[in-house]
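Here is work-v1.cif, consisting of mmCIF, C-alpha atoms:
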data_structure
loop_
_atom_site.label_atom_id
_atom_site.label_comp_id
_atom_site.auth_asym_id
_atom_site.auth_seq_id
_atom_site.Cartn_x
_atom_site.Cartn_y
_atom_site.Cartn_z
CA MET X 18 14.58 -51.82 82.28
CA ILE X 19 18.32 -51.60 83.00
CA TYR X 20 18.94 -53.95 80.10
CA LEU X 21 16.96 -51.68 77.76
CA LYS X 22 18.90 -48.60 78.90
CA LYS X 23 22.22 -50.36 78.30
CA ARG X 24 21.03 -51.62 74.93
CA LEU X 25 19.77 -48.13 73.96
CA LYS X 26 23.12 -46.64 74.99
CA LYS X 27 24.93 -49.17 72.79
CA VAL X 28 22.62 -48.45 69.83
CA ARG X 29 23.23 -44.71 70.23
CA LYS X 30 26.98 -45.31 70.29
CA ASN X 31 26.71 -47.41 67.11
CA LEU X 32 24.64 -44.68 65.44
CA GLU X 33 27.21 -42.07 66.41
CA ASP X 34 29.97 -44.23 64.89
CA ILE X 35 27.94 -44.74 61.72
CA MET X 36 27.32 -40.99 61.44
CA LYS X 37 31.03 -40.26 61.89
CA TRP X 38 31.84 -42.67 59.05
CA PHE X 39 29.11 -41.12 56.93
CA TYR X 40 30.64 -37.66 57.39
CA ILE X 41 34.13 -38.98 56.70
CA CYS X 42 32.92 -40.69 53.51
CA ASN X 43 31.03 -37.59 52.44
CA ASP X 44 34.10 -35.39 53.05
CA PHE X 45 36.21 -37.87 51.05
CA LYS X 46 33.69 -37.81 48.18
CA ASN X 47 33.75 -34.01 48.17
CA GLU X 48 37.55 -33.99 48.23
CA VAL X 49 37.70 -36.40 45.27
CA GLN X 50 35.21 -34.26 43.33
CA MET X 51 37.33 -31.16 44.02
CA MET X 52 40.47 -32.97 42.83
CA ILE X 53 38.72 -34.04 39.63
CA LYS X 54 37.50 -30.47 39.02
CA ARG X 55 41.01 -29.06 39.66
CA ASN X 56 42.47 -31.57 37.18
CA GLU X 57 39.90 -30.45 34.60
CA LEU X 58 40.88 -26.82 35.23
CA LYS X 59 44.59 -27.71 34.97
CA ASN X 60 43.94 -29.45 31.65
CA GLU X 61 42.05 -26.40 30.42
CA LEU X 62 45.02 -24.18 31.30
CA ILE X 63 47.45 -26.57 29.59
CA ALA X 64 45.26 -26.66 26.47
CA ALA X 65 45.42 -22.85 26.42
CA GLY X 66 49.23 -22.98 26.63
CA ILE X 67 49.37 -21.82 30.26
CA ARG X 68 51.54 -23.57 32.86
CA PRO X 69 49.18 -24.60 35.69
CA SER X 70 50.98 -23.37 38.83
CA VAL X 71 49.25 -23.71 42.20
CA GLN X 72 48.46 -19.98 42.20
CA ARG X 73 47.09 -19.98 38.65
CA VAL X 74 44.86 -22.99 39.28
CA ALA X 75 43.52 -21.45 42.50
CA ILE X 76 42.78 -18.11 40.79
CA PHE X 77 41.17 -19.85 37.81
CA GLU X 78 39.06 -22.04 40.10
CA TYR X 79 37.92 -19.07 42.17
CA VAL X 80 36.83 -17.00 39.16
CA ARG X 81 35.11 -19.96 37.50
CA LYS X 82 33.17 -20.83 40.67
CA SER X 83 32.19 -17.25 41.51
CA LYS X 84 28.83 -15.95 40.38
CA ALA X 85 29.57 -12.51 41.85
CA HIS X 86 31.92 -11.22 39.09
CA PRO X 87 34.89 -10.62 41.41
CA THR X 88 37.44 -7.85 41.03
CA ALA X 89 41.16 -8.62 41.26
CA GLU X 90 41.13 -7.28 44.82
CA VAL X 91 38.32 -9.65 45.81
CA VAL X 92 40.18 -12.63 44.30
CA HIS X 93 43.36 -11.58 46.12
CA ALA X 94 41.58 -11.20 49.48
CA ALA X 95 39.84 -14.57 49.10
CA LEU X 96 43.01 -16.51 48.25
CA ARG X 97 45.68 -14.60 50.20
CA ASP X 98 45.46 -16.75 53.35
CA GLU X 99 45.26 -20.02 51.43
CA LEU X 100 48.23 -19.26 49.17
CA GLY X 101 50.37 -17.22 51.54
CA SER X 102 52.72 -15.39 49.21
CA LEU X 103 50.08 -14.36 46.68
CA SER X 104 50.56 -10.72 45.64
CA LEU X 105 47.94 -8.47 44.11
CA THR X 106 50.26 -7.97 41.12
CA THR X 107 50.29 -11.74 40.54
CA VAL X 108 46.50 -11.80 40.62
CA TYR X 109 46.26 -8.93 38.08
CA ASN X 110 48.84 -10.55 35.77
CA THR X 111 47.19 -13.97 36.03
CA LEU X 112 43.72 -12.60 35.32
CA LYS X 113 45.07 -10.72 32.28
CA LEU X 114 46.72 -13.95 31.09
CA PHE X 115 43.40 -15.79 31.39
CA VAL X 116 41.51 -13.01 29.59
CA ASP X 117 44.06 -12.97 26.75
CA ALA X 118 43.72 -16.77 26.44
CA GLY X 119 39.91 -16.49 26.28
CA LEU X 120 39.41 -18.49 29.49
CA ILE X 121 37.54 -15.75 31.38
CA LEU X 122 35.93 -12.42 30.53
CA MET X 123 36.94 -9.01 31.78
CA LEU X 124 33.94 -6.73 32.26
CA ASN X 125 34.37 -2.98 31.91
CA ILE X 126 30.85 -1.86 32.57
CA ASP X 127 32.00 1.64 33.46
CA ASP X 128 35.31 3.53 33.59
CA THR X 129 35.97 2.90 37.27
CA PHE X 130 34.94 -0.72 37.67
CA ARG X 131 36.68 -3.79 36.23
CA CYS X 132 35.65 -7.30 37.22
CA PHE X 133 35.96 -10.83 35.88
CA ASP X 134 33.53 -13.51 34.79
CA GLY X 135 34.30 -17.22 34.58
CA ASN X 136 31.27 -17.78 32.35
CA ILE X 137 32.55 -17.27 28.81
CA ALA X 138 29.30 -18.23 27.09
CA THR X 139 27.47 -15.39 25.36
CA HIS X 140 25.30 -13.58 27.90
CA ALA X 141 24.37 -10.06 28.95
CA HIS X 142 25.21 -8.25 32.18
CA LEU X 143 23.23 -5.72 34.17
CA LYS X 144 24.90 -3.63 36.87
CA CYS X 145 22.53 -2.31 39.51
CA GLU X 146 23.12 1.40 40.05
CA GLU X 147 21.96 1.10 43.67
CA CYS X 148 23.71 -1.97 45.15
CA GLY X 149 26.46 -2.41 42.54
CA LYS X 150 25.75 -6.11 41.97
CA ILE X 151 26.15 -7.52 38.48
CA TYR X 152 23.53 -9.92 37.15
CA ASP X 153 23.81 -12.36 34.24
CA PHE X 154 21.09 -12.75 31.62
CA GLN X 155 20.90 -15.34 28.88
CA ILE X 156 20.50 -13.86 25.42
CA ASP X 157 19.73 -15.36 22.08
CA ALA X 158 22.49 -14.77 19.51
CA ASP X 159 19.72 -14.13 16.98
CA CYS X 160 19.02 -10.81 18.73
CA LEU X 161 21.63 -9.32 16.37
CA ARG X 162 19.05 -9.45 13.60
CA ALA X 163 17.25 -6.58 15.32
CA ILE X 164 20.26 -4.33 14.69
CA LYS X 165 19.82 -2.61 11.34
CA GLY X 166 22.85 -2.53 9.03
CA ILE X 167 24.86 -5.23 10.79
CA GLU X 168 24.18 -7.96 8.19
CA ASN X 169 27.48 -7.50 6.33
CA TYR X 170 29.68 -7.66 9.44
CA LYS X 171 31.31 -10.72 10.94
CA ILE X 172 30.72 -10.59 14.70
CA THR X 173 33.60 -12.16 16.66
CA ASP X 174 32.57 -11.13 20.15
CA MET X 175 29.40 -9.81 21.71
CA GLN X 176 29.15 -8.20 25.14
CA ILE X 177 25.99 -6.47 26.22
CA TYR X 178 26.13 -4.26 29.32
CA LEU X 179 23.01 -2.83 30.87
CA LYS X 180 22.65 -0.45 33.78
CA GLY X 181 19.57 -0.13 35.90
CA ILE X 182 18.09 -1.01 39.25
CA CYS X 183 17.62 -4.61 40.36
CA PRO X 184 14.24 -5.80 41.72
CA ALA X 185 15.51 -5.92 45.33
CA CYS X 186 16.67 -2.28 45.23
CA LYS X 187 13.63 -1.17 43.28
CA ASN X 188 11.33 -2.55 46.00
CA ASN X 189 13.24 -0.82 48.82
#

Any chance you could give the structure as structure tokens?
Amino acid sequence: MIYLKKRLKKVRKNLEDIMKWFYICNDFKNEVQMMIKRNELKNELIAAGIRPSVQRVAIFEYVRKSKAHPTAEVVHAALRDELGSLSLTTVYNTLKLFVDAGLILMLNIDDTFRCFDGNIATHAHLKCEECGKIYDFQIDADCLRAIKGIENYKITDMQIYLKGICPACKNN
């Protein structure tokens, strides 16, 4: 019985060591994936003619990863501790630079609210009038055919903004 207890203790210790290595390897894998993604983002900035500073890459990465359509203030608050000397003015200027380069979208759903979207594919947005969240919806570019008289125009950009109440707020 004593032998079995000692053996069980040794097996548990080995399992703990294996689990530690598993977590270390998993953390390393995640770190490598993040480095690869950051290099892809840096290359995208370079291709757009933008110098990829640490601050610019961090801002670009944050907006691209976010599904919540962050404002400049939200981006600043999220990255301020990580980047230290990041000013709100830098965030505004960087976001404008990215918008001008076509790397992100600036959404002006109403006069008082400006946010940013890292998804530059054609899609529609709905802002809930109750909770203020913005939702993405896929749209078919062929929906333009339903607009009478638009046949002779060349459409270079399409942004569709909807306002309403989301299902969660509607059910409350």

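At a cut-off of 6 Å from (45.4, -16.9, 43.4), the residue set is Gln72, Arg73, Ala75, Ile76, Leu96 and Val108 of chain X (counting only C-alpha atoms).
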
Hey, what's within 12 Å of region 57-59 of chain X if we count all atoms listed in the file and toss same-chain stuff fewer than 4 positions away? As a list in words, please? Gln50, Met51, Met52, Ile53, Ile63, Ala64, Ala65, Gly66, Ile67, Arg68, Pro69, Ser70, Val71, Gln72, Arg73, Val74, Ala75, Ile76, Phe77, Glu78, Tyr79, Val80, Arg81, Lys82, Phe115, Leu120 and Gly135 of chain X

On this structure, which residues satisfy the PyMOL selection byres ((chain X and resi 142) around 8), written as a list in words? His140, Ala141, Leu143, Lys144, Ile151, Tyr152, Asp153, Phe154, Ile177, Tyr178 and Leu179 of chain X

Restricting the calculation to all atoms listed in the file, which member of X:Glu168, X:Ala158, X:Lys46, X:Lys150 is positioned closest to Gly181 (chain X)? X:Lys150

Separation of CA of Thr111 (chain X) from CA of Arg97 (chain X) in Å: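 Computing the Euclidean distance for CA of Arg97 (chain X) and CA of Thr111 (chain X) yields 14.3 Å.
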
CA of Leu124 (chain X) to CA of Ile167 (chain X), distance in Å rounded to a single decimal: 23.4 Å
